[in-house]
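Shown here: upload_13.txt, compact mmCIF, C-alpha atoms.
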```txt
# COMPACT_ATOMS: atom_id res chain seq x y z
CA MET A 1 153.55 127.35 96.31
CA GLY A 2 152.53 128.53 92.83
CA LYS A 3 149.00 127.06 92.83
CA VAL A 4 146.35 129.76 92.34
CA LEU A 5 144.40 130.44 95.53
CA THR A 6 140.75 129.39 95.56
CA GLN A 7 140.16 130.22 99.23
CA LEU A 8 141.19 133.18 101.36
CA GLY A 9 140.85 131.81 104.85
CA ASP A 10 137.21 130.95 105.44
CA ILE A 11 135.85 132.63 102.32
CA SER A 12 136.05 131.71 98.66
CA VAL A 13 137.82 133.85 96.10
CA GLU A 14 134.42 134.50 94.50
CA GLN A 15 133.07 135.93 97.77
CA PHE A 16 136.20 137.99 98.27
CA LEU A 17 135.91 139.56 94.81
CA ALA A 18 132.21 140.30 95.28
CA GLU A 19 132.33 141.69 98.82
CA TYR A 20 135.86 142.94 99.60
CA TRP A 21 137.98 143.66 96.51
CA GLN A 22 138.27 147.47 96.14
CA GLN A 23 135.61 147.85 98.82
CA LYS A 24 136.80 147.11 102.37
CA PRO A 25 139.71 145.59 104.33
CA LEU A 26 139.87 141.91 105.22
CA LEU A 27 142.02 140.10 107.78
CA ILE A 28 142.78 136.54 106.65
CA ARG A 29 144.25 134.41 109.40
CA GLN A 30 146.56 131.68 108.10
CA ALA A 31 145.80 132.46 104.48
CA LEU A 32 149.03 130.60 103.67
CA PRO A 33 149.46 128.04 106.47
CA GLY A 34 153.07 127.16 107.19
CA PHE A 35 154.43 130.04 105.11
CA GLU A 36 158.12 130.68 105.74
CA SER A 37 159.96 133.73 104.52
CA PRO A 38 162.17 132.75 101.56
CA LEU A 39 164.55 135.54 102.56
CA SER A 40 166.37 136.24 105.81
CA PRO A 41 166.97 139.83 106.97
CA ASP A 42 170.64 139.51 105.95
CA GLU A 43 169.71 138.27 102.47
CA LEU A 44 167.27 141.15 102.05
CA ALA A 45 169.92 143.63 103.13
CA GLY A 46 172.33 141.98 100.68
CA LEU A 47 169.94 142.60 97.80
CA SER A 48 169.74 146.28 98.74
CA LEU A 49 173.47 146.57 97.97
CA GLU A 50 172.83 145.76 94.29
CA ASP A 51 172.64 148.56 91.71
CA ASP A 52 169.69 147.03 89.86
CA VAL A 53 167.52 146.58 92.97
CA GLU A 54 165.25 149.43 94.11
CA SER A 55 165.49 149.91 97.87
CA ARG A 56 164.83 152.47 100.62
CA ILE A 57 165.45 152.84 104.34
CA ILE A 58 163.02 154.81 106.51
CA LEU A 59 164.03 156.01 109.96
CA GLU A 60 161.81 157.48 112.67
CA ASN A 61 163.04 159.92 115.34
CA HIS A 62 166.68 159.71 114.29
CA GLN A 63 169.27 162.48 114.60
CA GLY A 64 166.64 165.05 115.50
CA ALA A 65 164.41 164.37 112.49
CA PRO A 66 160.94 162.84 112.95
CA TRP A 67 161.25 160.93 109.64
CA GLN A 68 164.10 160.28 107.22
CA LEU A 69 164.15 158.61 103.80
CA ARG A 70 167.35 157.12 102.36
CA LYS A 71 167.52 155.57 98.90
CA GLY A 72 169.68 152.64 97.86
CA PRO A 73 171.80 151.02 96.70
CA PHE A 74 173.42 150.88 100.14
CA ASP A 75 176.73 149.56 101.45
CA ASP A 76 177.79 147.76 104.60
CA LYS A 77 178.65 151.03 106.31
CA ALA A 78 175.08 152.30 105.87
CA TYR A 79 173.80 149.39 107.96
CA GLN A 80 176.53 149.70 110.58
CA GLU A 81 175.41 153.28 111.26
CA LEU A 82 171.73 152.42 111.79
CA PRO A 83 170.20 152.52 115.30
CA GLU A 84 168.96 149.38 117.04
CA THR A 85 165.28 150.33 116.74
CA ASN A 86 162.80 152.32 114.65
CA TRP A 87 163.97 151.77 111.09
CA THR A 88 162.62 149.88 108.08
CA LEU A 89 164.20 148.54 104.89
CA LEU A 90 161.96 148.35 101.79
CA VAL A 91 163.03 146.34 98.73
CA GLN A 92 160.91 146.41 95.55
CA ALA A 93 160.19 143.88 92.80
CA LEU A 94 161.57 140.86 94.61
CA ASP A 95 159.53 138.54 92.41
CA LEU A 96 162.08 139.32 89.67
CA PHE A 97 164.96 137.98 91.74
CA VAL A 98 163.57 135.34 94.11
CA PRO A 99 161.93 132.25 92.52
CA GLU A 100 159.84 131.52 95.63
CA LEU A 101 158.32 134.99 95.43
CA LYS A 102 157.57 134.59 91.75
CA GLU A 103 155.63 131.47 92.77
CA LEU A 104 153.88 133.52 95.45
CA ARG A 105 152.88 136.02 92.77
CA GLU A 106 151.30 133.20 90.77
CA GLN A 107 149.00 132.36 93.69
CA PHE A 108 147.22 135.68 93.12
CA GLN A 109 146.37 135.01 89.49
CA PHE A 110 142.68 134.89 90.33
CA LEU A 111 143.10 138.62 89.60
CA PRO A 112 144.25 140.14 86.27
CA ASP A 113 147.98 139.55 85.97
CA TRP A 114 148.53 142.93 84.33
CA ARG A 115 147.19 144.58 87.50
CA LEU A 116 149.85 142.96 89.69
CA ASP A 117 152.74 145.40 90.00
CA ASP A 118 155.32 143.66 92.15
CA ILE A 119 156.12 142.04 95.49
CA MET A 120 157.89 144.29 97.96
CA ALA A 121 159.49 143.20 101.22
CA SER A 122 159.59 145.31 104.35
CA PHE A 123 162.16 144.32 106.97
CA ALA A 124 161.83 146.27 110.21
CA VAL A 125 163.60 146.16 113.54
CA ASP A 126 161.62 146.63 116.74
CA GLY A 127 159.43 149.73 116.44
CA GLY A 128 160.18 150.09 112.74
CA SER A 129 157.44 151.69 110.66
CA VAL A 130 156.83 153.82 107.59
CA GLY A 131 154.21 155.84 109.45
CA PRO A 132 150.44 156.15 108.98
CA HIS A 133 149.71 156.46 105.27
CA TYR A 134 147.48 155.27 102.43
CA ASP A 135 148.19 153.87 98.98
CA HIS A 136 146.50 154.29 95.61
CA TYR A 137 146.55 150.55 94.95
CA ASP A 138 145.20 147.31 96.39
CA VAL A 139 147.66 145.41 98.55
CA PHE A 140 147.86 142.05 100.28
CA LEU A 141 150.17 142.31 103.31
CA LEU A 142 151.60 138.86 104.03
CA GLN A 143 153.51 138.37 107.25
CA GLY A 144 156.64 136.38 106.50
CA LEU A 145 158.74 136.57 109.66
CA GLY A 146 158.09 137.75 113.21
CA LYS A 147 155.11 139.89 114.20
CA ARG A 148 153.77 143.24 113.08
CA HIS A 149 151.05 145.31 114.72
CA TRP A 150 148.69 146.71 112.09
CA GLN A 151 146.20 149.50 112.64
CA VAL A 152 143.59 150.13 109.96
CA GLY A 153 142.14 153.61 109.79
CA GLN A 154 139.86 155.93 107.89
CA SER A 155 139.24 156.20 104.16
CA CYS A 156 141.31 159.04 102.73
CA HIS A 157 140.85 161.52 99.90
CA GLU A 158 142.76 164.22 98.03
CA ASP A 159 142.35 166.69 100.88
CA SER A 160 143.72 164.34 103.56
CA LYS A 161 146.58 166.35 105.08
CA ARG A 162 150.11 165.00 105.13
CA LEU A 163 153.09 165.88 107.28
CA ASP A 164 155.25 168.72 106.02
CA GLY A 165 159.01 168.55 105.80
CA THR A 166 159.28 164.94 104.64
CA PRO A 167 159.14 163.25 101.22
CA LEU A 168 157.12 160.45 102.82
CA ASN A 169 153.33 160.49 102.44
CA ILE A 170 152.61 160.37 106.17
CA LEU A 171 149.16 161.43 107.33
CA GLN A 172 148.79 164.26 109.84
CA GLU A 173 145.76 162.59 111.36
CA PHE A 174 145.12 158.88 111.79
CA GLN A 175 141.95 157.36 113.24
CA CYS A 176 142.46 153.73 114.26
CA LEU A 177 139.31 151.71 113.52
CA GLU A 178 140.74 148.16 113.68
CA SER A 179 143.89 146.69 115.22
CA TYR A 180 145.57 143.34 114.50
CA ILE A 181 148.77 141.45 115.28
CA LEU A 182 149.90 139.52 112.18
CA GLU A 183 152.03 136.39 112.39
CA PRO A 184 153.63 134.33 109.58
CA GLY A 185 151.00 133.13 107.09
CA ASP A 186 148.47 135.84 107.99
CA ILE A 187 147.35 138.30 105.30
CA LEU A 188 145.76 141.73 105.64
CA TYR A 189 144.05 142.95 102.45
CA LEU A 190 143.64 146.71 102.03
CA PRO A 191 141.80 148.45 99.18
CA PRO A 192 143.05 151.80 97.85
CA LYS A 193 142.92 154.95 99.99
CA VAL A 194 142.47 153.13 103.33
CA ALA A 195 144.82 154.52 105.98
CA HIS A 196 147.04 151.96 107.69
CA TRP A 197 150.00 151.84 110.04
CA GLY A 198 152.22 148.85 110.69
CA ILE A 199 154.73 148.74 113.56
CA ALA A 200 157.22 145.90 114.00
CA GLN A 201 157.16 143.94 117.24
CA GLY A 202 160.75 142.80 117.19
CA ASP A 203 162.51 142.00 113.91
CA CYS A 204 159.99 141.13 111.20
CA ILE A 205 159.50 140.82 107.45
CA THR A 206 156.24 141.64 105.64
CA TYR A 207 155.67 140.95 101.94
CA SER A 208 153.41 143.37 100.07
CA VAL A 209 151.69 142.02 96.96
CA GLY A 210 150.72 145.27 95.27
CA PHE A 211 148.23 145.77 92.44
CA ARG A 212 148.75 148.84 90.27
CA ALA A 213 145.89 151.04 89.12
CA PRO A 214 146.85 153.62 86.47
CA SER A 215 145.38 157.04 87.17
CA GLN A 216 142.87 158.33 84.65
CA GLY A 217 145.24 161.22 84.00
CA GLN A 218 148.05 158.78 83.22
CA LEU A 219 145.85 156.82 80.82
CA LEU A 220 144.82 160.00 79.01
CA GLU A 221 148.41 161.23 78.85
CA GLU A 222 149.65 157.92 77.46
CA HIS A 223 146.71 157.76 75.05
CA PHE A 224 147.26 161.20 73.56
CA GLN A 225 151.01 160.70 73.44
CA SER A 226 150.52 157.55 71.38
CA LEU A 227 148.17 159.47 69.09
CA ALA A 228 150.59 162.35 68.66
CA GLU A 229 153.38 159.99 67.59
CA ASN A 230 151.32 158.99 64.55
CA PHE A 231 150.90 162.54 63.22
CA SER A 232 153.24 164.15 60.71
CA GLU A 233 154.32 167.79 60.65
CA PHE A 234 152.04 168.26 57.62
CA GLN A 235 148.91 167.69 59.68
CA ARG A 236 148.14 171.16 61.04
CA TYR A 237 145.37 173.38 62.30
CA GLU A 238 143.59 174.88 59.26
CA ASP A 239 141.19 177.79 58.93
CA PRO A 240 140.46 178.53 55.24
CA ASN A 241 137.82 181.09 54.28
CA ILE A 242 137.86 182.92 57.61
CA ALA A 243 136.15 186.31 57.85
CA GLN A 244 137.87 189.56 58.71
CA ARG A 245 137.84 190.21 62.47
CA ALA A 246 136.87 193.32 64.33
CA HIS A 247 139.36 192.46 67.10
CA SER A 248 142.44 190.44 66.15
CA HIS A 249 143.02 189.43 69.80
CA GLU A 250 139.59 187.80 70.12
CA LEU A 251 139.24 184.01 70.29
CA LEU A 252 136.04 183.25 68.39
CA PRO A 253 133.61 180.34 68.83
CA GLU A 254 134.50 179.08 65.34
CA ASP A 255 138.18 178.87 66.39
CA VAL A 256 137.19 176.72 69.33
CA GLU A 257 134.95 174.61 67.11
CA ARG A 258 137.78 173.81 64.68
CA VAL A 259 140.00 172.59 67.51
CA ARG A 260 137.14 170.67 69.09
CA LYS A 261 136.57 168.77 65.85
CA ILE A 262 140.27 167.82 65.71
CA LEU A 263 140.13 166.45 69.26
CA GLU A 264 136.79 164.68 68.81
CA ALA A 265 137.97 162.98 65.63
CA GLN A 266 140.86 161.42 67.53
CA LEU A 267 138.74 160.35 70.49
CA LYS A 268 136.57 158.25 68.19
CA ARG A 269 139.16 155.48 67.91
CA SER A 270 138.11 152.01 66.90
CA ASP A 271 138.09 149.15 69.38
CA SER A 272 141.02 147.55 67.59
CA ALA A 273 143.09 150.74 67.89
CA ILE A 274 142.36 151.00 71.62
CA ILE A 275 143.21 147.31 72.15
CA ASP A 276 146.49 147.76 70.29
CA TRP A 277 147.46 150.81 72.38
CA LEU A 278 146.26 149.45 75.73
CA GLY A 279 147.85 146.03 75.29
CA ARG A 280 151.21 147.60 74.50
CA LEU A 281 150.92 149.97 77.46
CA LEU A 282 149.94 147.37 80.05
CA SER A 283 152.60 144.90 78.94
CA GLU A 284 155.48 147.36 79.21
CA ALA A 285 158.20 146.12 81.56
CA LYS A 286 158.34 147.67 85.03
CA TYR A 287 162.08 148.22 84.57
CA PRO A 288 162.62 148.51 80.78
CA ASP A 289 166.41 148.64 81.14
CA SER A 290 166.56 145.47 83.22
CA PHE A 291 166.09 142.90 80.44
CA GLU A 292 168.50 142.11 77.65
CA GLN A 293 167.31 141.62 74.11
CA ALA A 294 168.87 138.69 72.30
CA GLU A 295 171.34 139.96 69.72
CA ASN A 296 171.76 136.69 67.83
CA THR A 297 168.54 134.85 67.03
CA SER A 298 169.79 132.92 64.01
CA ILE A 299 170.14 129.79 66.15
CA ILE A 300 167.06 128.93 68.20
CA PRO A 301 167.63 126.43 71.03
CA GLN A 302 165.31 123.50 71.69
CA GLN A 303 164.11 125.01 74.96
CA LEU A 304 163.48 128.66 75.75
CA PHE A 305 163.00 129.98 79.28
CA LYS A 306 160.82 132.97 80.11
CA ALA A 307 162.58 136.00 81.58
CA SER A 308 161.53 136.77 85.14
CA ASP A 309 160.63 140.35 84.19
CA ALA A 310 158.67 139.53 81.02
CA ARG A 311 155.15 141.00 81.00
CA CYS A 312 152.72 139.04 78.85
CA LEU A 313 149.04 139.37 78.08
CA PHE A 314 146.74 138.51 75.20
CA PHE A 315 143.47 139.69 73.69
CA ARG A 316 141.14 137.09 72.18
CA LYS A 317 140.21 138.18 68.65
CA ASP A 318 138.02 135.14 68.00
CA HIS A 319 137.95 131.43 68.79
CA GLN A 320 141.20 130.80 66.94
CA GLN A 321 143.32 133.96 66.85
CA ALA A 322 144.70 136.33 69.47
CA GLN A 323 146.82 139.43 69.82
CA LEU A 324 149.84 138.66 72.02
CA PHE A 325 151.50 141.55 73.86
CA ILE A 326 154.95 141.12 75.43
CA ASN A 327 157.07 143.92 76.88
CA GLY A 328 155.15 146.53 74.90
CA GLU A 329 155.40 144.62 71.60
CA LEU A 330 152.54 143.03 69.61
CA ARG A 331 152.21 139.92 67.47
CA GLU A 332 149.17 138.04 66.22
CA CYS A 333 149.20 134.28 66.70
CA PRO A 334 146.90 131.31 67.32
CA LEU A 335 144.86 131.70 70.51
CA ALA A 336 146.10 128.44 72.02
CA LEU A 337 149.68 129.56 71.46
CA ALA A 338 149.09 132.96 73.08
CA ILE A 339 147.73 131.24 76.19
CA GLU A 340 150.68 128.85 76.25
CA ILE A 341 153.22 131.66 75.94
CA CYS A 342 151.60 133.68 78.74
CA GLU A 343 151.25 130.75 81.14
CA SER A 344 154.49 128.84 80.49
CA GLU A 345 157.89 129.35 82.09
CA CYS A 346 159.59 127.13 79.50
CA ILE A 347 158.61 126.41 75.89
CA ASP A 348 159.72 123.85 73.30
CA SER A 349 160.73 125.71 70.15
CA GLU A 350 159.96 122.82 67.79
CA GLN A 351 156.50 122.35 69.28
CA ILE A 352 155.84 126.10 68.98
CA ALA A 353 156.94 126.22 65.33
CA THR A 354 154.55 123.42 64.35
CA GLN A 355 151.58 125.61 65.32
CA PHE A 356 152.20 127.82 62.29
CA GLU A 357 151.17 126.94 58.75
CA HIS A 358 154.60 127.83 57.42
CA THR A 359 157.85 126.91 59.17
CA GLU A 360 159.30 130.34 58.37
CA SER A 361 156.47 132.01 60.30
CA GLY A 362 157.14 129.82 63.34
CA VAL A 363 160.86 130.59 63.26
CA GLU A 364 160.19 134.31 62.91
CA PHE A 365 157.79 134.17 65.87
CA LEU A 366 160.40 132.45 68.06
CA GLN A 367 163.01 135.01 67.03
CA TRP A 368 160.58 137.76 68.02
CA LEU A 369 160.12 136.20 71.48
CA MET A 370 163.89 136.34 71.96
CA ARG A 371 164.37 139.82 70.51
CA CYS A 372 161.77 141.44 72.78
CA GLY A 373 163.52 140.03 75.85
CA ALA A 374 160.78 137.60 76.80
CA PHE A 375 162.60 134.27 76.37
CA PHE A 376 166.22 133.18 76.70
CA GLU A 377 168.29 130.17 75.80
CA ASP A 378 168.59 129.12 79.44
CA ASP A 379 167.32 130.31 82.81
CA GLU A 380 170.66 131.80 83.81
CA GLU A 381 169.77 135.30 82.65
```
Please go through the file and, once you have read it, give me the structure as structure tokens.
Amino acid sequence: MGKVLTQLGDISVEQFLAEYWQQKPLLIRQALPGFESPLSPDELAGLSLEDDVESRIILENHQGAPWQLRKGPFDDKAYQELPETNWTLLVQALDLFVPELKELREQFQFLPDWRLDDIMASFAVDGGSVGPHYDHYDVFLLQGLGKRHWQVGQSCHEDSKRLDGTPLNILQEFQCLESYILEPGDILYLPPKVAHWGIAQGDCITYSVGFRAPSQGQLLEEHFQSLAENFSEFQRYEDPNIAQRAHSHELLPEDVERVRKILEAQLKRSDSAIIDWLGRLLSEAKYPDSFEQAENTSIIPQQLFKASDARCLFFRKDHQQAQLFINGELRECPLALAIEICESECIDSEQIATQFEHTESGVEFLQWLMRCGAFFEDDEE
């Protein structure tokens, strides 16, 4: 299942990227022919009982409320009290726990891997829905079990009104432009800000392959925070040789100019500084507390297995060297090695060590892979 897709139904990946990606919806009948859900409804519910699994239940028209949101982890009693219709269970980041879904994730590597956030599953009983809404990210909706009726609506914006009295981002107005019934193996691609509404026709499971897109505000916030961490308390605003003021409460143009110069000086960062910051940011783990760093790295096993939640990416410095980013950490290494680390699920420690001029450097590199939580002695994490 892990082979990277080259076709999406009748169109090539190249055509999809040129004509649909981030532009308009696309229904792909039998994008994954013969696809069978790797999880049953009971197995999905079982995962929602775990403390380290993010889950939610959404109910419609229950106990006098038009919409309700309940957050996991749940227990058996929570499911016993649910009605027979009109509710949905959402479970996040299943690619961290289910090998078949990690393989599904790999099929979408015709897109930047750092953009792929996670794979979420939505189990719904008959009539179950999360309401008409839009997302800020691209999503491939893969039908895994049963049938779901999808309606695709208008493009939304900041002023699109949402329902009051609910934490859910449900639109007040929804204009259905297209309507589809999805069956197992079908995929509906939706770009950001396109309204959509899926309603279960009987019990069904839909897998959402979601691609994150950091907001510009988030990027700026992270950027300036990283800058601020590098300043000492001795670096301060300075205004030597100022003139006496007629009004002490007045903010003068020269005051503004001094601050502007401080800000502009920091915005003129070198490419290498931006690469360093961005690589660390984009490789940060989705759930930083979920992975365990190896405490003892004095003994390095022959084989090391990649952690399911390890985030890896590299930047090509030249034809031979690369910057390798893993879980927010950075190391420089040979380009071929960086590619191997990012694309391999299992590595041979002796073979890795031989790619360094000095054995000590190879051993230190392997110890770093273990310390940052990227690789473990075996795959029983």
Using only C-alpha atoms, which residue out of A:Ser55, A:Gln107, A:Gln23, A:Ser122 lies closest to A:Leu39? A:Ser122
Atom pair atom CA of A:Phe211 / atom CA of A:Ala228: separation (Å):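 Distance between the two atoms: 29.1 Å.
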To one decimal place in Å, what is the distance between atom CA of A:Met370 and atom CA of A:Glu340? 15.8 Å
Which polymer residues, whether protein, DNA or RNA, lie within 12 Å of the coordinate (169.8, 150.0, 102.8) when you count all atoms listed in the file? List them as a PyMOL selection string, using the chain letters and numbers from the file. chain A and resi 41-51+53-59+69-82+87-91+122-124
If you take only C-alpha atoms and a cut-off of 12 Å, which residues of stretch 331-379 of chain A touch stretch 282-288 of chain A, and what are their nearest atom pairs and distances in Å to one decimal, in chain and number order, as CSV?
```
residue,atom,partner,partner_atom,distance
A:Cys342,CA,A:Ser283,CA,11.3
A:Cys372,CA,A:Ala285,CA,10.6
A:Gly373,CA,A:Pro288,CA,9.9
A:Ala374,CA,A:Ala285,CA,10.1
```
Name the residues in contact with A:Glu254 at a cut-off of 12 Å, using only C-alpha atoms, excluding same-chain residues fewer than 2 positions from it; report them as a ChimeraX atom specification. /A:238-243,245,250-252,256-261
Could you state the separation of atom CA of A:Asp203 and atom CA of A:Gly64 in Å, given to one decimal place?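 Computing it gives 23.5 Å between the two atoms.
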Compile the contact shell of A:Met120 as a PyMOL selection string: residues with an atom at most 7 Å away, counting only C-alpha atoms, same-chain residues fewer than 2 positions apart removed. chain A and resi 90-94+118+122+207-209
Would you write out those residues with C-alpha atoms, as an mmCIF file, in the coordinates of the input?
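Now in out35.cif:
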```
data_model
loop_
_atom_site.group_PDB
_atom_site.id
_atom_site.type_symbol
_atom_site.label_atom_id
_atom_site.label_comp_id
_atom_site.auth_asym_id
_atom_site.auth_seq_id
_atom_site.Cartn_x
_atom_site.Cartn_y
_atom_site.Cartn_z
ATOM 1 C CA LEU A 90 161.960 148.350 101.790
ATOM 2 C CA VAL A 91 163.030 146.340 98.730
ATOM 3 C CA GLN A 92 160.910 146.410 95.550
ATOM 4 C CA ALA A 93 160.190 143.880 92.800
ATOM 5 C CA LEU A 94 161.570 140.860 94.610
ATOM 6 C CA ASP A 118 155.320 143.660 92.150
ATOM 7 C CA SER A 122 159.590 145.310 104.350
ATOM 8 C CA TYR A 207 155.670 140.950 101.940
ATOM 9 C CA SER A 208 153.410 143.370 100.070
ATOM 10 C CA VAL A 209 151.690 142.020 96.960
#
```
Between A:Leu281, A:Leu335, A:Leu5, A:Leu27, which is the closest to A:Ala322 once you count all atoms listed in the file? A:Leu335
Listed atoms of stretch 130-137 of chain A boxed axis-aligned with 8 Å per side, centre + edges as AutoDock Vina command-line options:
```
--center_x 151.7 --center_y 153.5 --center_z 102.2 --size_x 26.3 --size_y 21.9 --size_z 30.5
```
Could you tell me which of A:Leu96, A:Ala121, A:Leu142, A:Leu220 comes closest to A:Leu278 if we count all atoms listed in the file?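 The closest residue to A:Leu278 is A:Leu220.
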Test item: residues at most 12 Å from A:Val13, all atoms listed in the file, excluding those fewer than 2 positions along its chain, as a ChimeraX atom specification: /A:4-11,15-21,28,31,107-111
For A:Trp277, which residue among A:His223, A:Arg29, A:Lys24, A:Lys161 is the nearest when counting only C-alpha atoms?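 Nearest candidate to A:Trp277 out of A:His223, A:Arg29, A:Lys24, A:Lys161: A:His223.
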Any idea what's packed within 7 Å of A:Ala353, counting only C-alpha atoms, ignoring anything in its chain fewer than 5 positions away? Could you give it as a JSON list (two decimals) with C-alpha atoms, keeping the file's coordinate frame?
```
[["chain", "number", "residue", "atom", "x", "y", "z"],
["A", 359, "THR", "CA", 157.85, 126.91, 59.17],
["A", 362, "GLY", "CA", 157.14, 129.82, 63.34],
["A", 363, "VAL", "CA", 160.86, 130.59, 63.26]]
```
Env of A:Gly127: 10 Å cut, atoms = all atoms listed in the file, seq-sep filter 3 positions within chain, self excluded. Answer as a compact mmCIF listing (two decimals) with C-alpha atoms, in the coordinates of the input.
```txt
# COMPACT_ATOMS: atom_id res chain seq x y z
CA GLU A 60 161.81 157.48 112.67
CA GLU A 84 168.96 149.38 117.04
CA THR A 85 165.28 150.33 116.74
CA ASN A 86 162.80 152.32 114.65
CA TRP A 87 163.97 151.77 111.09
CA THR A 88 162.62 149.88 108.08
CA ALA A 124 161.83 146.27 110.21
CA ARG A 148 153.77 143.24 113.08
CA HIS A 149 151.05 145.31 114.72
CA GLY A 198 152.22 148.85 110.69
CA ILE A 199 154.73 148.74 113.56
CA ALA A 200 157.22 145.90 114.00
CA GLN A 201 157.16 143.94 117.24
CA GLY A 202 160.75 142.80 117.19
CA ASP A 203 162.51 142.00 113.91
```
Could you check the closest approach to A:Ile205 for each of A:Val125, A:Leu168, A:Leu324, A:Val139 and tell me which residue wins, using only C-alpha atoms?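 That would be A:Val125, the residue with the smallest distance to A:Ile205.
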Per-residue nearest contacts stretch 84-163 of chain A to stretch 304-309 of chain A, cut-off 9 Å, using all atoms listed in the file, as JSON lines:
```
{"residue": "A:Asp95", "atom": "CA", "partner": "A:Ser308", "partner_atom": "CA", "distance": 7.7}
{"residue": "A:Leu96", "atom": "CA", "partner": "A:Ser308", "partner_atom": "CA", "distance": 5.2}
{"residue": "A:Phe97", "atom": "CA", "partner": "A:Ser308", "partner_atom": "CA", "distance": 7.5}
{"residue": "A:Pro99", "atom": "CA", "partner": "A:Ser308", "partner_atom": "CA", "distance": 8.7}
{"residue": "A:Lys102", "atom": "CA", "partner": "A:Ser308", "partner_atom": "CA", "distance": 8.0}
```
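Nearest to A:Arg371 of all the residues A:Leu171, A:Ala310, A:Val152, A:Ile274 is A:Ala310, based on all atoms listed in the file.
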Reconstruct stretch 37-51 of chain A at the level of N, CA and C atoms, and format the result as a PDB file, in the coordinates of the input.
```
ATOM      1  N   SER A  37     159.320 132.713 105.350  1.00  0.00           N
ATOM      2  CA  SER A  37     159.960 133.730 104.520  1.00  0.00           C
ATOM      3  C   SER A  37     161.098 133.122 103.708  1.00  0.00           C
ATOM      4  N   PRO A  38     161.078 133.287 102.382  1.00  0.00           N
ATOM      5  CA  PRO A  38     162.170 132.750 101.560  1.00  0.00           C
ATOM      6  C   PRO A  38     163.460 133.551 101.702  1.00  0.00           C
ATOM      7  N   LEU A  39     163.375 134.696 102.362  1.00  0.00           N
ATOM      8  CA  LEU A  39     164.550 135.540 102.560  1.00  0.00           C
ATOM      9  C   LEU A  39     164.765 135.812 104.039  1.00  0.00           C
ATOM     10  N   SER A  40     166.012 135.824 104.453  1.00  0.00           N
ATOM     11  CA  SER A  40     166.370 136.240 105.810  1.00  0.00           C
ATOM     12  C   SER A  40     166.623 137.745 105.791  1.00  0.00           C
ATOM     13  N   PRO A  41     166.632 138.402 106.947  1.00  0.00           N
ATOM     14  CA  PRO A  41     166.970 139.830 106.970  1.00  0.00           C
ATOM     15  C   PRO A  41     168.319 140.127 106.321  1.00  0.00           C
ATOM     16  N   ASP A  42     169.314 139.283 106.551  1.00  0.00           N
ATOM     17  CA  ASP A  42     170.640 139.510 105.950  1.00  0.00           C
ATOM     18  C   ASP A  42     170.590 139.395 104.429  1.00  0.00           C
ATOM     19  N   GLU A  43     169.820 138.433 103.922  1.00  0.00           N
ATOM     20  CA  GLU A  43     169.710 138.270 102.470  1.00  0.00           C
ATOM     21  C   GLU A  43     168.997 139.470 101.850  1.00  0.00           C
ATOM     22  N   LEU A  44     167.989 139.975 102.542  1.00  0.00           N
ATOM     23  CA  LEU A  44     167.270 141.150 102.050  1.00  0.00           C
ATOM     24  C   LEU A  44     168.189 142.366 102.027  1.00  0.00           C
ATOM     25  N   ALA A  45     168.956 142.527 103.087  1.00  0.00           N
ATOM     26  CA  ALA A  45     169.920 143.630 103.130  1.00  0.00           C
ATOM     27  C   ALA A  45     170.952 143.468 102.015  1.00  0.00           C
ATOM     28  N   GLY A  46     171.370 142.230 101.748  1.00  0.00           N
ATOM     29  CA  GLY A  46     172.330 141.980 100.680  1.00  0.00           C
ATOM     30  C   GLY A  46     171.807 142.414  99.326  1.00  0.00           C
ATOM     31  N   LEU A  47     170.533 142.176  99.067  1.00  0.00           N
ATOM     32  CA  LEU A  47     169.940 142.600  97.800  1.00  0.00           C
ATOM     33  C   LEU A  47     169.941 144.117  97.664  1.00  0.00           C
ATOM     34  N   SER A  48     169.788 144.815  98.786  1.00  0.00           N
ATOM     35  CA  SER A  48     169.740 146.280  98.740  1.00  0.00           C
ATOM     36  C   SER A  48     171.099 146.895  98.405  1.00  0.00           C
ATOM     37  N   LEU A  49     172.148 146.087  98.366  1.00  0.00           N
ATOM     38  CA  LEU A  49     173.470 146.570  97.970  1.00  0.00           C
ATOM     39  C   LEU A  49     173.637 146.586  96.447  1.00  0.00           C
ATOM     40  N   GLU A  50     172.713 145.910  95.743  1.00  0.00           N
ATOM     41  CA  GLU A  50     172.830 145.760  94.290  1.00  0.00           C
ATOM     42  C   GLU A  50     172.326 147.009  93.563  1.00  0.00           C
ATOM     43  N   ASP A  51     173.009 147.365  92.478  1.00  0.00           N
ATOM     44  CA  ASP A  51     172.640 148.560  91.710  1.00  0.00           C
ATOM     45  C   ASP A  51     171.283 148.426  91.030  1.00  0.00           C
TER      46      ASP A  51
END
```
